[in-house]
Every structure is written in C-alpha cells, then in structure tokens.
Amino acid sequence: MKAPKYSLKEAERIAQRFFSYDYHDRGMLKWQGFFLSDHASALRRDAKRQPELEQPQLAEAEIDRRLTIAWQKKHPVHVQLNVLDGNHVVQALDGVVAGYDDTMLVLKDHRHYRRLPLKQLRWVGKTDPTKNRR
C-alpha cells in the first residue's frame with residue numbers, strides 16, 4: 001500500500017484538524033510512568049522532613065573547644081553554618097573533623113572533604129544518630 005501524497009497546504013490542514021479534534025493531551029499523566037519508586041519515596045521523605053531548627057550562635061572559644069574535642073576523639077559532629085539555603089533554612093553538615101586551624105575547618109563526610117571558613121560556623125554539636133541526614 002502506497003502512502004498518499006499531500007501538498008504542504010493540505011498536510012497542514014490535516015494536521016491542524018487532528019490536533020484540534022482527535023488528539024487529547026494527557027498533560028503530566030503521561031510522564032508519571034517515568035518516576036521510579038525510589039524517586040517517589042525520596043520525594044515523599046523530603047516533603048515530610050522538618051526544617052532544621054536554627055541553633056544559637058556560639059562564641060568562637062566554645063566552637064574552638066568543641067572542634068578540638070571532636071578532632072581528638074574522632075567523634076562525628078553536626079555543624080550549622082551562618083549560611084541559608086535556597087529555602088531560607090540554615091545549612092547544616094555532618095561529618096568528622098579532619099583538621100582545622102585559625103581560619104579553616106576541614107570536615108569529612110562519607111563522600112567528601114569540605115573546607116569551611118571558621119567565620120561561617122554558627123554552632124557545633126554532636127551528631128544525632130536518630131536523624132537521617134543527607
């Protein structure tokens with residue numbers, strides 16, 4: 001069977017009629033099959049996650065004392081920064097103190113070493129093992 005040949009004008013008229021009367025776009029419904037179950041569960045988990053409460057600003061001497069103890073004992077720490085994320089929530093990181101000096105903290109999490117200026121630190125405390133952080 002041979003496909004019929006249409007002029008450009010006639011093909012445009014047929015296509016316009018098809019999209020105006022026959023084709024019904026389902027919008028986002030057609031994309032929902034592309035979400036994997038782990039994506040959907042991660043989205044639900046993130047929606048339930050409460051924003052972190054902003055801790056009080058610690059004095060530099062207290063931050064230094066807590067970092068020294070954590071570094072000596074290799075204890076995991078939870079650090080809040082004087083930096084807000086895109087949702088205007090205080091940024092927080094967990095990790096082990098790999099080292100620090102008068103100006104910089106090196107924090108090692110399970111994937112990266114992060115260099116943080118000490119002036120950005122707001123609070124340093126022990127990691128809460130009951131919370132599941134990224």
# chains A, B, ... in the order shown; residues from 1 in each chain; ligands from 1

call {"tool": "residues_around", "arguments": {"residues": "Gly125 in chain A", "least_positions_apart": "4", "cutoff": "8 Å", "atoms": "only C-alpha atoms", "output": "MDAnalysis selection string"}}
result
chainID A and resid 66 77:79

call {"tool": "residues_around", "arguments": {"residues": "range 106-112 of chain A", "least_positions_apart": "6", "cutoff": "7 Å", "atoms": "only C-alpha atoms", "output": "VMD selection string"}}
result
chain A and resid 94 to 100

call {"tool": "write_last_selection", "arguments": {"atoms": "all heavy atoms", "output": "PDB file, in the first residue's frame"}}
result
ATOM      1  N   ASP A  94      27.078  17.200  58.504  1.00  0.00           N
ATOM      2  CA  ASP A  94      27.556  16.198  59.444  1.00  0.00           C
ATOM      3  C   ASP A  94      28.862  15.644  58.932  1.00  0.00           C
ATOM      4  O   ASP A  94      29.064  15.528  57.723  1.00  0.00           O
ATOM      5  CB  ASP A  94      26.553  15.049  59.572  1.00  0.00           C
ATOM      6  CG  ASP A  94      25.268  15.470  60.252  1.00  0.00           C
ATOM      7  OD1 ASP A  94      25.324  16.356  61.113  1.00  0.00           O
ATOM      8  OD2 ASP A  94      24.210  14.915  59.915  1.00  0.00           O
ATOM      9  N   GLY A  95      29.735  15.279  59.851  1.00  0.00           N
ATOM     10  CA  GLY A  95      30.991  14.674  59.449  1.00  0.00           C
ATOM     11  C   GLY A  95      31.944  14.550  60.613  1.00  0.00           C
ATOM     12  O   GLY A  95      31.581  14.763  61.766  1.00  0.00           O
ATOM     13  N   VAL A  96      33.180  14.199  60.278  1.00  0.00           N
ATOM     14  CA  VAL A  96      34.244  14.068  61.269  1.00  0.00           C
ATOM     15  C   VAL A  96      35.246  15.176  60.991  1.00  0.00           C
ATOM     16  O   VAL A  96      35.574  15.461  59.839  1.00  0.00           O
ATOM     17  CB  VAL A  96      34.917  12.678  61.152  1.00  0.00           C
ATOM     18  CG1 VAL A  96      36.084  12.548  62.108  1.00  0.00           C
ATOM     19  CG2 VAL A  96      33.899  11.578  61.397  1.00  0.00           C
ATOM     20  N   VAL A  97      35.749  15.796  62.062  1.00  0.00           N
ATOM     21  CA  VAL A  97      36.731  16.870  61.911  1.00  0.00           C
ATOM     22  C   VAL A  97      38.046  16.250  61.446  1.00  0.00           C
ATOM     23  O   VAL A  97      38.685  15.502  62.184  1.00  0.00           O
ATOM     24  CB  VAL A  97      36.924  17.646  63.228  1.00  0.00           C
ATOM     25  CG1 VAL A  97      37.993  18.709  63.063  1.00  0.00           C
ATOM     26  CG2 VAL A  97      35.612  18.264  63.676  1.00  0.00           C
ATOM     27  N   ALA A  98      38.427  16.535  60.212  1.00  0.00           N
ATOM     28  CA  ALA A  98      39.673  16.012  59.657  1.00  0.00           C
ATOM     29  C   ALA A  98      40.837  16.930  60.008  1.00  0.00           C
ATOM     30  O   ALA A  98      41.992  16.522  59.962  1.00  0.00           O
ATOM     31  CB  ALA A  98      39.551  15.857  58.149  1.00  0.00           C
ATOM     32  N   GLY A  99      40.526  18.166  60.357  1.00  0.00           N
ATOM     33  CA  GLY A  99      41.555  19.126  60.747  1.00  0.00           C
ATOM     34  C   GLY A  99      40.995  20.533  60.726  1.00  0.00           C
ATOM     35  O   GLY A  99      39.947  20.786  60.138  1.00  0.00           O
ATOM     36  N   TYR A 100      41.682  21.430  61.411  1.00  0.00           N
ATOM     37  CA  TYR A 100      41.302  22.833  61.357  1.00  0.00           C
ATOM     38  C   TYR A 100      42.439  23.683  61.881  1.00  0.00           C
ATOM     39  O   TYR A 100      43.350  23.209  62.555  1.00  0.00           O
ATOM     40  CB  TYR A 100      40.002  23.099  62.124  1.00  0.00           C
ATOM     41  CG  TYR A 100      40.103  23.104  63.627  1.00  0.00           C
ATOM     42  CD1 TYR A 100      40.172  24.301  64.330  1.00  0.00           C
ATOM     43  CD2 TYR A 100      40.128  21.928  64.345  1.00  0.00           C
ATOM     44  CE1 TYR A 100      40.267  24.304  65.700  1.00  0.00           C
ATOM     45  CE2 TYR A 100      40.211  21.922  65.706  1.00  0.00           C
ATOM     46  CZ  TYR A 100      40.292  23.125  66.393  1.00  0.00           C
ATOM     47  OH  TYR A 100      40.383  23.132  67.748  1.00  0.00           O
TER      48      TYR A 100
END

call {"tool": "closest_residue", "arguments": {"among": "A:Lys73, A:Arg17, A:Lys2, A:His88", "to": "Leu53 in chain A", "atoms": "only C-alpha atoms"}}
result
A:His88

call {"tool": "select_by_dssp", "arguments": {"residues": "chain A", "states": "strand (DSSP E)", "output": "PyMOL selection string"}}
result
chain A and resi 76-84+90-100+104-108+113-117+121-126

call {"tool": "residues_around", "arguments": {"residues": "Lys119 in chain A", "least_positions_apart": "2", "cutoff": "9 Å", "atoms": "only C-alpha atoms", "output": "list in words"}}
result
Glu60, Leu81, Asn82, Thr103, Met104, Leu116, Pro117, Leu121 and Arg122 of chain A

call {"tool": "residues_around", "arguments": {"residues": "Val83 in chain A", "least_positions_apart": "4", "cutoff": "8 Å", "atoms": "only C-alpha atoms", "output": "ChimeraX atom specification"}}
result
/A:90-91,120

call {"tool": "atom_distance", "arguments": {"atom1": "CA of Tyr113 in chain A", "atom2": "CA of Ala42 in chain A"}}
result
24.8 Å

call {"tool": "atom_distance", "arguments": {"atom1": "CA of Tyr6 in chain A", "atom2": "CA of Phe19 in chain A"}}
result
17.5 Å

call {"tool": "select_by_dssp", "arguments": {"residues": "chain A", "states": "alpha helix (DSSP H)", "output": "ChimeraX atom specification"}}
result
/A:8-17,37-48,60-73

call {"tool": "closest_residue", "arguments": {"among": "A:Val124, A:Ala70, A:Leu118, A:Ala61", "to": "Leu105 in chain A", "atoms": "only C-alpha atoms"}}
result
A:Leu118

call {"tool": "closest_residue", "arguments": {"among": "A:Ile69, A:Val89, A:Glu12, A:Ser37", "to": "Gln50 in chain A", "atoms": "only C-alpha atoms"}}
result
A:Val89
